[in-house]
file target-v3.txt (compact mmCIF, C-alpha atoms and all ligand atoms)
# COMPACT_ATOMS: atom_id res chain seq x y z
CA MET A 1 255.21 59.15 73.44
CA ASN A 2 251.55 59.75 74.16
CA ASN A 3 248.76 57.99 72.25
CA ALA A 4 248.31 60.81 69.74
CA GLU A 5 252.02 60.77 68.90
CA ILE A 6 251.90 57.00 68.38
CA LEU A 7 248.81 57.39 66.21
CA HIS A 8 250.51 60.18 64.24
CA GLU A 9 253.45 57.90 63.46
CA GLU A 10 251.15 55.20 62.12
CA LEU A 11 248.88 57.33 59.94
CA LEU A 12 249.37 58.24 56.31
CA THR A 13 249.68 62.00 56.75
CA LEU A 14 249.46 64.31 53.73
CA ASP A 15 249.82 68.09 53.70
CA SER A 16 247.93 69.28 50.63
CA HIS A 17 249.56 72.69 50.19
CA ILE A 18 253.15 73.79 50.74
CA ASP A 19 255.11 76.39 48.77
CA ILE A 20 258.79 76.16 47.92
CA PRO A 21 261.30 79.00 48.24
CA TRP A 22 262.02 80.62 44.87
CA PRO A 23 264.55 81.15 43.43
CA ASP A 24 265.64 77.70 44.55
CA ARG A 25 268.55 77.62 47.01
CA GLY A 26 269.16 73.89 46.75
CA ASP A 27 268.51 73.55 50.49
CA ALA A 28 265.55 71.12 50.55
CA TRP A 29 267.70 68.47 52.25
CA GLU A 30 269.09 70.81 54.91
CA ASP A 31 267.36 71.26 58.25
CA THR A 32 267.38 75.01 57.86
CA GLN A 33 265.68 77.86 59.72
CA ALA A 34 265.11 79.43 56.32
CA ARG A 35 262.34 76.95 55.47
CA GLN A 36 259.29 75.62 57.31
CA VAL A 37 259.40 72.51 55.15
CA ASP A 38 262.45 70.52 54.15
CA LEU A 39 263.05 66.78 54.00
CA PRO A 40 264.52 66.51 57.53
CA LYS A 41 261.54 68.39 59.03
CA LEU A 42 259.00 66.32 57.08
CA ALA A 43 260.67 63.13 58.35
CA ARG A 44 260.92 64.37 61.96
CA GLY A 45 257.27 65.43 61.83
CA ASN A 46 256.30 61.98 60.54
CA MET A 47 254.75 63.42 57.42
CA SER A 48 254.07 60.75 54.80
CA ALA A 49 253.33 63.04 51.88
CA ALA A 50 253.70 66.70 50.95
CA CYS A 51 252.08 68.47 48.01
CA LEU A 52 254.71 70.98 46.91
CA ALA A 53 253.27 73.72 44.75
CA ALA A 54 254.94 75.59 41.94
CA TYR A 55 253.43 78.97 42.85
CA ILE A 56 253.27 81.52 40.07
CA PRO A 57 252.44 85.09 41.10
CA GLN A 58 249.81 86.71 38.90
CA GLY A 59 251.17 89.24 36.41
CA ALA A 60 249.98 90.99 33.30
CA ARG A 61 247.59 89.01 31.08
CA ASP A 62 249.74 89.48 28.02
CA GLU A 63 252.14 87.37 25.99
CA THR A 64 255.24 88.52 27.86
CA GLY A 65 253.62 87.69 31.19
CA HIS A 66 252.35 84.31 30.06
CA THR A 67 255.72 83.33 28.59
CA ALA A 68 257.59 84.26 31.78
CA ALA A 69 255.05 82.39 33.91
CA TRP A 70 255.28 79.34 31.65
CA GLU A 71 259.07 79.29 31.97
CA ARG A 72 258.90 79.70 35.73
CA VAL A 73 256.35 76.93 36.31
CA GLN A 74 258.42 74.44 34.32
CA ALA A 75 261.57 75.39 36.23
CA MET A 76 259.78 75.05 39.57
CA LEU A 77 258.27 71.66 38.69
CA GLY A 78 261.78 70.64 37.64
CA VAL A 79 263.10 71.45 41.12
CA ILE A 80 260.18 69.68 42.84
CA GLY A 81 260.50 66.68 40.53
CA GLY A 82 264.21 66.46 41.34
CA LEU A 83 263.77 65.95 45.08
CA ALA A 84 263.90 62.15 45.04
CA GLY A 85 266.84 60.74 46.97
CA SER A 86 268.21 59.50 50.26
CA ARG A 87 270.25 61.41 52.82
CA GLY A 88 270.88 61.05 56.54
CA GLY A 89 268.39 58.20 56.89
CA VAL A 90 265.61 60.08 55.08
CA THR A 91 264.28 58.91 51.73
CA ALA A 92 262.07 60.97 49.44
CA GLU A 93 260.18 59.78 46.39
CA VAL A 94 258.40 61.98 43.88
CA CYS A 95 254.93 60.46 43.48
CA ASP A 96 252.24 61.44 41.05
CA THR A 97 249.85 58.51 41.56
CA VAL A 98 247.94 57.25 44.58
CA VAL A 99 249.58 53.84 44.16
CA GLY A 100 252.96 55.56 44.31
CA ILE A 101 252.03 57.58 47.41
CA ARG A 102 250.77 54.48 49.22
CA ALA A 103 253.89 52.50 48.24
CA ALA A 104 256.15 55.30 49.52
CA TYR A 105 254.20 55.27 52.80
CA GLU A 106 254.71 51.48 53.13
CA ARG A 107 258.45 52.02 52.62
CA ARG A 108 258.48 54.91 55.11
CA SER A 109 259.69 57.25 52.39
CA VAL A 110 258.38 60.80 52.18
CA ALA A 111 256.16 61.20 49.11
CA ILE A 112 256.59 64.49 47.28
CA VAL A 113 253.48 65.27 45.23
CA PRO A 114 253.97 68.08 42.68
CA ALA A 115 251.26 70.70 42.16
CA VAL A 116 250.71 74.05 40.46
CA GLU A 117 249.30 77.17 42.12
CA ASN A 118 247.76 79.53 39.55
CA GLY A 119 246.50 78.71 36.06
CA TYR A 120 248.21 81.89 34.77
CA PRO A 121 251.10 80.03 33.04
CA VAL A 122 248.60 78.17 30.86
CA GLY A 123 248.04 81.45 29.04
CA GLU A 124 245.85 80.77 26.01
CA ASP A 125 247.33 77.33 25.38
CA ILE A 126 245.29 74.53 26.95
CA GLY A 127 247.88 72.06 25.57
CA ARG A 128 250.25 73.25 28.31
CA ILE A 129 248.11 71.37 30.86
CA THR A 130 249.33 68.08 29.34
CA ILE A 131 252.91 69.19 29.88
CA LEU A 132 252.22 70.24 33.48
CA ARG A 133 250.80 66.77 34.12
CA GLU A 134 253.83 65.18 32.46
CA LEU A 135 256.00 67.21 34.85
CA GLY A 136 254.12 65.50 37.69
CA ALA A 137 251.48 68.05 38.69
CA ARG A 138 248.46 66.43 40.36
CA TYR A 139 246.44 69.56 40.93
CA MET A 140 246.28 73.09 39.65
CA THR A 141 244.82 76.02 41.55
CA LEU A 142 242.73 77.86 38.96
CA THR A 143 243.86 81.32 40.09
CA HIS A 144 246.03 83.05 42.66
CA ASN A 145 245.15 86.59 43.80
CA GLY A 146 244.17 88.41 40.61
CA HIS A 147 242.09 87.27 37.66
CA ASN A 148 243.75 85.27 34.90
CA LEU A 149 242.53 84.15 31.47
CA LEU A 150 240.87 81.08 33.00
CA ALA A 151 238.87 82.53 35.86
CA ASP A 152 238.07 85.24 38.37
CA ALA A 153 239.93 85.22 41.68
CA ALA A 154 238.42 85.80 45.12
CA ILE A 155 240.79 88.74 45.55
CA ALA A 156 241.10 91.10 42.57
CA ARG A 157 244.38 92.88 41.91
CA ALA A 158 243.69 96.58 41.41
CA ASP A 159 247.42 97.08 40.80
CA LEU A 160 247.05 94.84 37.72
CA GLY A 161 243.98 96.75 36.58
CA ASP A 162 241.48 94.19 37.86
CA ALA A 163 237.83 95.13 38.37
CA ALA A 164 235.86 93.04 40.89
CA THR A 165 235.13 90.51 38.13
CA LEU A 166 236.54 89.83 34.68
CA HIS A 167 234.66 86.77 33.39
CA GLY A 168 231.85 86.37 35.93
CA GLY A 169 233.49 83.13 37.09
CA LEU A 170 235.12 80.76 34.61
CA SER A 171 235.90 82.01 31.12
CA GLU A 172 235.18 79.78 28.12
CA LEU A 173 238.91 78.97 28.14
CA GLY A 174 238.64 78.20 31.86
CA ARG A 175 235.85 75.71 31.22
CA GLU A 176 238.03 74.07 28.59
CA ALA A 177 240.90 73.99 31.09
CA VAL A 178 238.73 72.23 33.67
CA ARG A 179 237.74 69.58 31.10
CA GLU A 180 241.37 69.13 30.08
CA MET A 181 242.44 68.79 33.73
CA ASN A 182 239.77 66.08 34.07
CA ARG A 183 241.20 64.29 31.04
CA GLN A 184 244.71 64.53 32.51
CA GLY A 185 243.62 63.36 35.96
CA MET A 186 244.58 66.65 37.61
CA LEU A 187 242.44 67.87 40.49
CA VAL A 188 240.78 71.25 40.05
CA ASP A 189 241.80 73.37 43.04
CA VAL A 190 239.33 76.17 43.86
CA SER A 191 241.32 77.85 46.63
CA HIS A 192 241.87 81.52 45.63
CA ALA A 193 238.99 81.32 43.12
CA SER A 194 235.98 83.65 43.36
CA ARG A 195 232.70 82.21 44.61
CA GLU A 196 231.26 82.19 41.07
CA THR A 197 234.37 80.47 39.72
CA MET A 198 234.14 77.82 42.42
CA VAL A 199 230.43 77.14 41.85
CA GLN A 200 230.93 76.90 38.07
CA ALA A 201 234.00 74.67 38.47
CA VAL A 202 232.01 72.25 40.62
CA ARG A 203 229.38 72.03 37.85
CA GLU A 204 231.89 71.80 35.00
CA SER A 205 234.25 69.22 36.50
CA ARG A 206 233.55 65.52 36.03
CA SER A 207 235.80 64.85 39.04
CA PRO A 208 235.14 66.36 42.52
CA VAL A 209 236.99 69.63 43.15
CA VAL A 210 239.20 70.44 46.12
CA ALA A 211 240.07 73.63 47.97
CA THR A 212 243.65 72.70 48.97
CA HIS A 213 244.13 75.60 51.40
CA SER A 214 241.05 77.51 52.58
CA CYS A 215 238.94 77.82 55.73
CA ALA A 216 235.28 78.20 56.72
CA ARG A 217 233.80 81.65 56.08
CA ALA A 218 231.09 81.18 58.70
CA LEU A 219 233.86 81.20 61.33
CA CYS A 220 236.09 83.81 59.71
CA ASP A 221 234.68 86.22 57.14
CA HIS A 222 237.59 86.37 54.69
CA PRO A 223 237.11 86.32 50.88
CA ARG A 224 239.57 83.38 50.63
CA ASN A 225 237.27 81.20 52.75
CA LEU A 226 234.31 79.05 51.63
CA ASP A 227 230.83 79.97 52.85
CA ASP A 228 228.19 77.47 53.96
CA GLY A 229 226.60 77.30 50.52
CA GLN A 230 229.96 76.41 48.99
CA LEU A 231 230.54 73.77 51.66
CA ASP A 232 227.15 72.24 50.86
CA LEU A 233 228.13 72.16 47.18
CA LEU A 234 231.27 70.23 48.11
CA ARG A 235 229.19 67.67 49.96
CA GLU A 236 226.77 67.28 47.04
CA SER A 237 229.60 66.88 44.53
CA GLY A 238 231.88 64.71 46.66
CA GLY A 239 234.49 67.46 46.98
CA LEU A 240 236.86 68.45 49.75
CA ILE A 241 238.15 71.46 51.70
CA GLN A 242 241.57 71.31 53.31
CA ILE A 243 241.51 73.69 56.30
CA THR A 244 244.76 75.64 56.27
CA ALA A 245 247.02 76.96 59.02
CA MET A 246 246.82 80.58 57.86
CA PRO A 247 246.13 82.79 60.91
CA GLY A 248 244.19 85.42 58.92
CA PHE A 249 241.83 82.78 57.48
CA LEU A 250 241.25 81.11 60.86
CA ARG A 251 240.40 84.08 63.04
CA ARG A 252 239.67 87.72 62.42
CA GLY A 253 241.41 90.41 64.39
CA GLY A 254 244.76 88.72 64.95
CA GLY A 255 246.09 87.65 68.31
CA ALA A 256 247.66 84.24 68.83
CA VAL A 257 246.03 81.64 66.60
CA GLY A 258 246.73 78.03 67.52
CA ILE A 259 245.82 74.45 66.73
CA ASP A 260 242.49 74.91 68.53
CA ALA A 261 241.39 77.36 65.83
CA LEU A 262 242.39 74.93 63.06
CA VAL A 263 240.54 72.09 64.76
CA HIS A 264 237.52 74.36 65.28
CA HIS A 265 237.28 74.92 61.50
CA VAL A 266 237.76 71.21 60.77
CA ALA A 267 235.05 70.31 63.28
CA TYR A 268 232.66 72.93 61.89
CA VAL A 269 233.02 71.56 58.34
CA ALA A 270 232.78 67.94 59.52
CA GLU A 271 229.61 68.76 61.43
CA ARG A 272 228.01 70.55 58.48
CA ILE A 273 228.97 68.38 55.49
CA GLY A 274 230.63 65.29 56.94
CA VAL A 275 234.16 64.27 57.85
CA ALA A 276 234.65 62.77 54.37
CA HIS A 277 234.82 66.30 52.97
CA VAL A 278 237.45 67.93 55.17
CA GLY A 279 241.22 67.75 55.59
CA VAL A 280 244.19 69.88 56.64
CA SER A 281 247.04 71.78 55.03
CA SER A 282 249.77 74.10 56.28
CA ASP A 283 250.54 76.61 53.49
CA PHE A 284 254.06 76.54 54.95
CA ASP A 285 256.63 78.65 53.13
CA GLY A 286 253.64 80.54 51.72
CA GLY A 287 252.53 82.46 54.82
CA GLY A 288 251.08 79.58 56.85
CA GLY A 289 252.02 78.67 60.41
CA ILE A 290 250.21 78.84 63.75
CA VAL A 291 251.12 78.45 67.40
CA GLY A 292 252.01 74.78 67.88
CA TRP A 293 252.43 74.14 64.14
CA ARG A 294 255.15 76.50 63.00
CA ASP A 295 256.87 74.03 60.69
CA ALA A 296 256.54 70.48 59.42
CA SER A 297 258.54 69.00 62.31
CA THR A 298 255.70 69.56 64.81
CA SER A 299 252.89 68.08 62.71
CA ALA A 300 252.00 65.57 65.45
CA ALA A 301 250.45 68.50 67.33
CA VAL A 302 247.65 68.56 64.74
CA THR A 303 246.88 64.89 65.39
CA GLU A 304 246.89 65.65 69.11
CA GLY A 305 244.44 68.50 68.61
CA LEU A 306 242.11 66.40 66.47
CA ALA A 307 242.21 63.53 68.98
CA ALA A 308 241.60 65.89 71.91
CA HIS A 309 238.53 67.21 70.09
CA GLY A 310 237.15 63.68 69.95
CA PHE A 311 237.73 62.64 66.35
CA THR A 312 238.20 58.87 66.08
CA THR A 313 241.34 57.23 64.73
CA GLU A 314 239.54 56.52 61.47
CA GLU A 315 238.32 60.10 61.17
CA ILE A 316 241.78 61.51 61.87
CA GLY A 317 243.14 59.24 59.13
CA MET A 318 240.54 60.63 56.72
CA ILE A 319 241.32 64.23 57.67
CA TRP A 320 245.09 63.70 57.37
CA GLY A 321 245.09 62.17 53.93
CA GLN A 322 242.59 59.46 53.07
CA ASN A 323 240.01 61.97 51.83
CA PHE A 324 242.55 63.68 49.61
CA LEU A 325 243.75 60.32 48.25
CA ARG A 326 240.13 59.42 47.49
CA LEU A 327 239.83 62.52 45.31
CA LEU A 328 243.13 61.80 43.56
CA GLU A 329 241.94 58.25 42.90
CA GLN A 330 238.65 59.47 41.46
CA ALA A 331 240.53 61.86 39.19
CA GLU A 332 242.75 58.98 38.02
CA ARG A 333 239.73 56.77 37.31
CA LEU A 334 237.96 59.50 35.34
CA ALA A 335 241.06 60.54 33.37
CA GLY A 336 241.49 59.86 29.67
ZN ZN B 1 247.79 80.09 48.09
call {"tool": "encode", "arguments": {"input": "target-v3.txt", "output": "structure tokens"}}
result
Amino acid sequence: MNNAEILHEELLTLDSHIDIPWPDRGDAWEDTQARQVDLPKLARGNMSAACLAAYIPQGARDETGHTAAWERVQAMLGVIGGLAGSRGGVTAEVCDTVVGIRAAYERRSVAIVPAVENGYPVGEDIGRITILRELGARYMTLTHNGHNLLADAAIARADLGDAATLHGGLSELGREAVREMNRQGMLVDVSHASRETMVQAVRESRSPVVATHSCARALCDHPRNLDDGQLDLLRESGGLIQITAMPGFLRRGGGAVGIDALVHHVAYVAERIGVAHVGVSSDFDGGGGIVGWRDASTSAAVTEGLAAHGFTTEEIGMIWGQNFLRLLEQAERLAG
């Protein structure tokens, strides 16, 4: 093993955004070509922790849609919450506290951290956020593509009748949702949110916000990415952006996109707002994957890329998880 591989084995490594196949096939413990992330691949890639998101596609903003989304999110969190176990020398624990994640790391277990992608299933009932937290969710992405009752998305869905904006950022209900997430100790995830939504969420939230899977707009002009002004807001508010391995967010115009592009975005953000405000995520099983990091089993390549760029051991540890854990800890402290 080279030095970066040894370092990778030692670090607490956390991937802040991974989807799960749905409907569930019960194959999370199989090393299968059908998934980029499963327990064997996480273990082989020396990943300490994985945020698995219950992703809910945006649908109609009506009662039927909200009821279906609510049922789906509970079923998905049920599957994610049921992943604890031991097979073939791999142990997984479902962790919804920083203490739990750190303890799993000490035991060399993989920590599964449940999350929700899209506030759509909340519908008009803020009380559902308590239930999502009880089901283990540690963050909720305010929107997916398409506006919901809480907020405007970065990408409107014309097929759902969306205009460019619906609320001009957060709705009144969305502001209430942010405050409730603060009370529950859930991180407010601004990936997929419109710029106005993001700016307003930073102001509304008592706890720093995170973009769990976005990139730098100055390097790649995509509406899903955060511009320099948004990055500066993250620095001022103590927030975090987790640069994601989505080729279209890393480089315009296609072609092979590799680890160098991911590291380039990380370095850009670190240079502008400080290494305490940047991390990494894969968006595996949700469209993510780049040359050199096609699935969770090759995650050491990211550490190699960061080390080759010149990041120190401490900085790589921050990028791979310590920054994200800091935000989770802050949310826990401010909860209640
Ligand atoms: Zn997403």
call {"tool": "residues_around", "arguments": {"input": "target-v3.txt", "residues": "A:Gly174", "least_positions_apart": "6", "cutoff": "8 Å", "atoms": "all atoms listed in the file", "output": "list in words"}}
result
Leu149, Leu150 and Ala151 of chain A
call {"tool": "closest_residue", "arguments": {"input": "target-v3.txt", "among": "A:Ser207, A:Arg102, A:Leu39, A:Gly65", "to": "A:Leu83", "atoms": "all atoms listed in the file"}}
result
A:Leu39
call {"tool": "residues_around", "arguments": {"input": "target-v3.txt", "residues": "stretch 222-238 of chain A", "least_positions_apart": "2", "cutoff": "9 Å", "atoms": "all atoms listed in the file", "output": "ChimeraX atom specification"}}
result
/A:154-155,191-195,198-199,202-203,207-211,213-218,220,240-241,248-250,252,269,272-274,276-277,327
call {"tool": "residues_near_ligand", "arguments": {"input": "target-v3.txt", "ligand": "ligand ZN 1 (chain B)", "cutoff": "10 Å", "atoms": "all atoms listed in the file", "output": "list in words"}}
result
His17, Ile18, Asp19, Ala53, Tyr55, Ile56, Pro57, Glu117, Asn118, Thr141, Thr143, His144, Asn145, Ser191, His192, Thr212, His213, Ser214, Arg224, Thr244, Met246, Asp283, Phe284, Gly286, Gly287 and Gly288 of chain A
call {"tool": "axis_aligned_box", "arguments": {"input": "target-v3.txt", "around": "stretch 178-187 of chain A", "padding_each_side": "4 Å", "output": "JSON"}}
result
{"center_x": 241.2, "center_y": 67.8, "center_z": 35.3, "size_x": 15.0, "size_y": 16.9, "size_z": 18.4}
call {"tool": "atom_distance", "arguments": {"input": "target-v3.txt", "atom1": "atom CA of A:Gly123", "atom2": "atom CA of A:Ala69"}}
result
8.6 Å
call {"tool": "closest_residue", "arguments": {"input": "target-v3.txt", "among": "A:Thr130, A:Ala301, A:His264, A:Asp159", "to": "A:Ala335", "atoms": "only C-alpha atoms"}}
result
A:Thr130
call {"tool": "atom_distance", "arguments": {"input": "target-v3.txt", "atom1": "atom CA of A:Val302", "atom2": "atom CA of A:Leu11"}}
result
12.3 Å
call {"tool": "residues_around", "arguments": {"input": "target-v3.txt", "residues": "A:Pro114", "least_positions_apart": "4", "cutoff": "10 Å", "atoms": "all atoms listed in the file", "output": "ChimeraX atom specification"}}
result
/A:17-18,50-54,76-81,94-96,132-133,135-140
call {"tool": "write_last_selection", "arguments": {"input": "target-v3.txt", "atoms": "C-alpha atoms", "output": "tab-separated table (two decimals), in the frame of the given file"}}
result
chain	number	residue	atom	x	y	z
A	17	HIS	CA	249.56	72.69	50.19
A	18	ILE	CA	253.15	73.79	50.74
A	50	ALA	CA	253.70	66.70	50.95
A	51	CYS	CA	252.08	68.47	48.01
A	52	LEU	CA	254.71	70.98	46.91
A	53	ALA	CA	253.27	73.72	44.75
A	54	ALA	CA	254.94	75.59	41.94
A	76	MET	CA	259.78	75.05	39.57
A	77	LEU	CA	258.27	71.66	38.69
A	78	GLY	CA	261.78	70.64	37.64
A	79	VAL	CA	263.10	71.45	41.12
A	80	ILE	CA	260.18	69.68	42.84
A	81	GLY	CA	260.50	66.68	40.53
A	94	VAL	CA	258.40	61.98	43.88
A	95	CYS	CA	254.93	60.46	43.48
A	96	ASP	CA	252.24	61.44	41.05
A	132	LEU	CA	252.22	70.24	33.48
A	133	ARG	CA	250.80	66.77	34.12
A	135	LEU	CA	256.00	67.21	34.85
A	136	GLY	CA	254.12	65.50	37.69
A	137	ALA	CA	251.48	68.05	38.69
A	138	ARG	CA	248.46	66.43	40.36
A	139	TYR	CA	246.44	69.56	40.93
A	140	MET	CA	246.28	73.09	39.65
call {"tool": "atom_distance", "arguments": {"input": "target-v3.txt", "atom1": "atom CA of A:Gly82", "atom2": "atom CA of A:Ile112"}}
result
9.9 Å
call {"tool": "residues_around", "arguments": {"input": "target-v3.txt", "residues": "A:Arg108", "least_positions_apart": "6", "cutoff": "10 Å", "atoms": "all atoms listed in the file", "output": "list in words"}}
result
Leu12, Ala43, Asn46, Met47, Ser48, Val90, Thr91, Ala92 and Arg102 of chain A
call {"tool": "closest_residue", "arguments": {"input": "target-v3.txt", "among": "A:Gly279, A:Pro23, A:Gly239, A:Gly146", "to": "A:Gly321", "atoms": "all atoms listed in the file"}}
result
A:Gly279
call {"tool": "closest_residue", "arguments": {"input": "target-v3.txt", "among": "A:Arg157, A:Arg179, A:Thr13, A:Asp285", "to": "A:Ala28", "atoms": "all atoms listed in the file"}}
result
A:Asp285
call {"tool": "residues_around", "arguments": {"input": "target-v3.txt", "residues": "A:His309", "least_positions_apart": "6", "cutoff": "10 Å", "atoms": "all atoms listed in the file", "output": "ChimeraX atom specification"}}
result
/A:260,263-264,267,303
call {"tool": "closest_residue", "arguments": {"input": "target-v3.txt", "among": "A:Ser282, A:Asn323, A:Gln200, A:Ser297", "to": "A:Asp31", "atoms": "all atoms listed in the file"}}
result
A:Ser297
call {"tool": "closest_residue", "arguments": {"input": "target-v3.txt", "among": "A:Glu134, A:Asp152, A:Asp24, A:Glu271", "to": "A:Thr197", "atoms": "only C-alpha atoms"}}
result
A:Asp152
call {"tool": "residues_near_point", "arguments": {"input": "target-v3.txt", "point": "(248.5, 79.3, 35.3)", "cutoff": "6 Å", "atoms": "all atoms listed in the file", "output": "VMD selection string"}}
result
chain A and resid 118 to 122
call {"tool": "decode", "arguments": {"input": "target-v3.txt", "residues": "stretch 218-226 of chain A", "atoms": "all heavy atoms", "output": "PDB file, in the first residue's frame"}}
result
ATOM      1  N   ALA A 218     -18.431  28.713  -9.983  1.00  0.00           N
ATOM      2  CA  ALA A 218     -17.375  29.477 -10.661  1.00  0.00           C
ATOM      3  C   ALA A 218     -16.572  28.571 -11.601  1.00  0.00           C
ATOM      4  O   ALA A 218     -16.014  29.029 -12.591  1.00  0.00           O
ATOM      5  CB  ALA A 218     -16.450  30.121  -9.635  1.00  0.00           C
ATOM      6  N   LEU A 219     -16.536  27.287 -11.294  1.00  0.00           N
ATOM      7  CA  LEU A 219     -15.770  26.337 -12.118  1.00  0.00           C
ATOM      8  C   LEU A 219     -16.657  25.604 -13.117  1.00  0.00           C
ATOM      9  O   LEU A 219     -16.176  25.059 -14.098  1.00  0.00           O
ATOM     10  CB  LEU A 219     -15.066  25.304 -11.235  1.00  0.00           C
ATOM     11  CG  LEU A 219     -14.056  25.835 -10.217  1.00  0.00           C
ATOM     12  CD1 LEU A 219     -13.384  24.670  -9.496  1.00  0.00           C
ATOM     13  CD2 LEU A 219     -13.006  26.706 -10.898  1.00  0.00           C
ATOM     14  N   CYS A 220     -17.955  25.554 -12.827  1.00  0.00           N
ATOM     15  CA  CYS A 220     -18.878  24.851 -13.715  1.00  0.00           C
ATOM     16  C   CYS A 220     -20.250  25.484 -13.556  1.00  0.00           C
ATOM     17  O   CYS A 220     -20.910  25.322 -12.523  1.00  0.00           O
ATOM     18  CB  CYS A 220     -18.921  23.360 -13.362  1.00  0.00           C
ATOM     19  SG  CYS A 220     -20.070  22.408 -14.389  1.00  0.00           S
ATOM     20  N   ASP A 221     -20.664  26.232 -14.581  1.00  0.00           N
ATOM     21  CA  ASP A 221     -21.875  27.053 -14.483  1.00  0.00           C
ATOM     22  C   ASP A 221     -23.129  26.199 -14.656  1.00  0.00           C
ATOM     23  O   ASP A 221     -23.723  26.154 -15.733  1.00  0.00           O
ATOM     24  CB  ASP A 221     -21.823  28.181 -15.514  1.00  0.00           C
ATOM     25  CG  ASP A 221     -22.981  29.151 -15.334  1.00  0.00           C
ATOM     26  OD1 ASP A 221     -23.634  29.103 -14.266  1.00  0.00           O
ATOM     27  OD2 ASP A 221     -23.229  29.947 -16.259  1.00  0.00           O
ATOM     28  N   HIS A 222     -23.512  25.527 -13.587  1.00  0.00           N
ATOM     29  CA  HIS A 222     -24.705  24.672 -13.570  1.00  0.00           C
ATOM     30  C   HIS A 222     -25.607  25.188 -12.447  1.00  0.00           C
ATOM     31  O   HIS A 222     -25.109  25.529 -11.367  1.00  0.00           O
ATOM     32  CB  HIS A 222     -24.285  23.218 -13.318  1.00  0.00           C
ATOM     33  CG  HIS A 222     -25.399  22.227 -13.504  1.00  0.00           C
ATOM     34  ND1 HIS A 222     -26.446  22.121 -12.621  1.00  0.00           N
ATOM     35  CD2 HIS A 222     -25.631  21.295 -14.473  1.00  0.00           C
ATOM     36  CE1 HIS A 222     -27.274  21.166 -13.044  1.00  0.00           C
ATOM     37  NE2 HIS A 222     -26.800  20.652 -14.162  1.00  0.00           N
ATOM     38  N   PRO A 223     -26.928  25.229 -12.680  1.00  0.00           N
ATOM     39  CA  PRO A 223     -27.826  25.785 -11.644  1.00  0.00           C
ATOM     40  C   PRO A 223     -27.799  25.002 -10.316  1.00  0.00           C
ATOM     41  O   PRO A 223     -28.200  25.540  -9.283  1.00  0.00           O
ATOM     42  CB  PRO A 223     -29.216  25.707 -12.292  1.00  0.00           C
ATOM     43  CG  PRO A 223     -29.076  24.832 -13.495  1.00  0.00           C
ATOM     44  CD  PRO A 223     -27.647  24.905 -13.917  1.00  0.00           C
ATOM     45  N   ARG A 224     -27.320  23.764 -10.319  1.00  0.00           N
ATOM     46  CA  ARG A 224     -27.237  22.974  -9.093  1.00  0.00           C
ATOM     47  C   ARG A 224     -26.004  23.345  -8.248  1.00  0.00           C
ATOM     48  O   ARG A 224     -25.868  22.868  -7.116  1.00  0.00           O
ATOM     49  CB  ARG A 224     -27.196  21.471  -9.446  1.00  0.00           C
ATOM     50  CG  ARG A 224     -28.546  20.859  -9.662  1.00  0.00           C
ATOM     51  CD  ARG A 224     -29.227  20.519  -8.321  1.00  0.00           C
ATOM     52  NE  ARG A 224     -28.630  19.332  -7.733  1.00  0.00           N
ATOM     53  CZ  ARG A 224     -27.762  19.309  -6.726  1.00  0.00           C
ATOM     54  NH1 ARG A 224     -27.354  20.451  -6.180  1.00  0.00           N
ATOM     55  NH2 ARG A 224     -27.295  18.180  -6.259  1.00  0.00           N
ATOM     56  N   ASN A 225     -25.116  24.149  -8.826  1.00  0.00           N
ATOM     57  CA  ASN A 225     -23.888  24.498  -8.108  1.00  0.00           C
ATOM     58  C   ASN A 225     -24.024  25.812  -7.344  1.00  0.00           C
ATOM     59  O   ASN A 225     -24.896  26.623  -7.641  1.00  0.00           O
ATOM     60  CB  ASN A 225     -22.720  24.566  -9.091  1.00  0.00           C
ATOM     61  CG  ASN A 225     -22.333  23.182  -9.591  1.00  0.00           C
ATOM     62  OD1 ASN A 225     -22.707  22.170  -8.989  1.00  0.00           O
ATOM     63  ND2 ASN A 225     -21.601  23.122 -10.689  1.00  0.00           N
ATOM     64  N   LEU A 226     -23.140  26.013  -6.359  1.00  0.00           N
ATOM     65  CA  LEU A 226     -23.165  27.226  -5.524  1.00  0.00           C
ATOM     66  C   LEU A 226     -22.169  28.249  -6.064  1.00  0.00           C
ATOM     67  O   LEU A 226     -21.006  27.915  -6.329  1.00  0.00           O
ATOM     68  CB  LEU A 226     -22.822  26.866  -4.071  1.00  0.00           C
ATOM     69  CG  LEU A 226     -24.001  26.483  -3.153  1.00  0.00           C
ATOM     70  CD1 LEU A 226     -24.853  25.381  -3.767  1.00  0.00           C
ATOM     71  CD2 LEU A 226     -23.502  26.040  -1.790  1.00  0.00           C
TER      72      LEU A 226
END
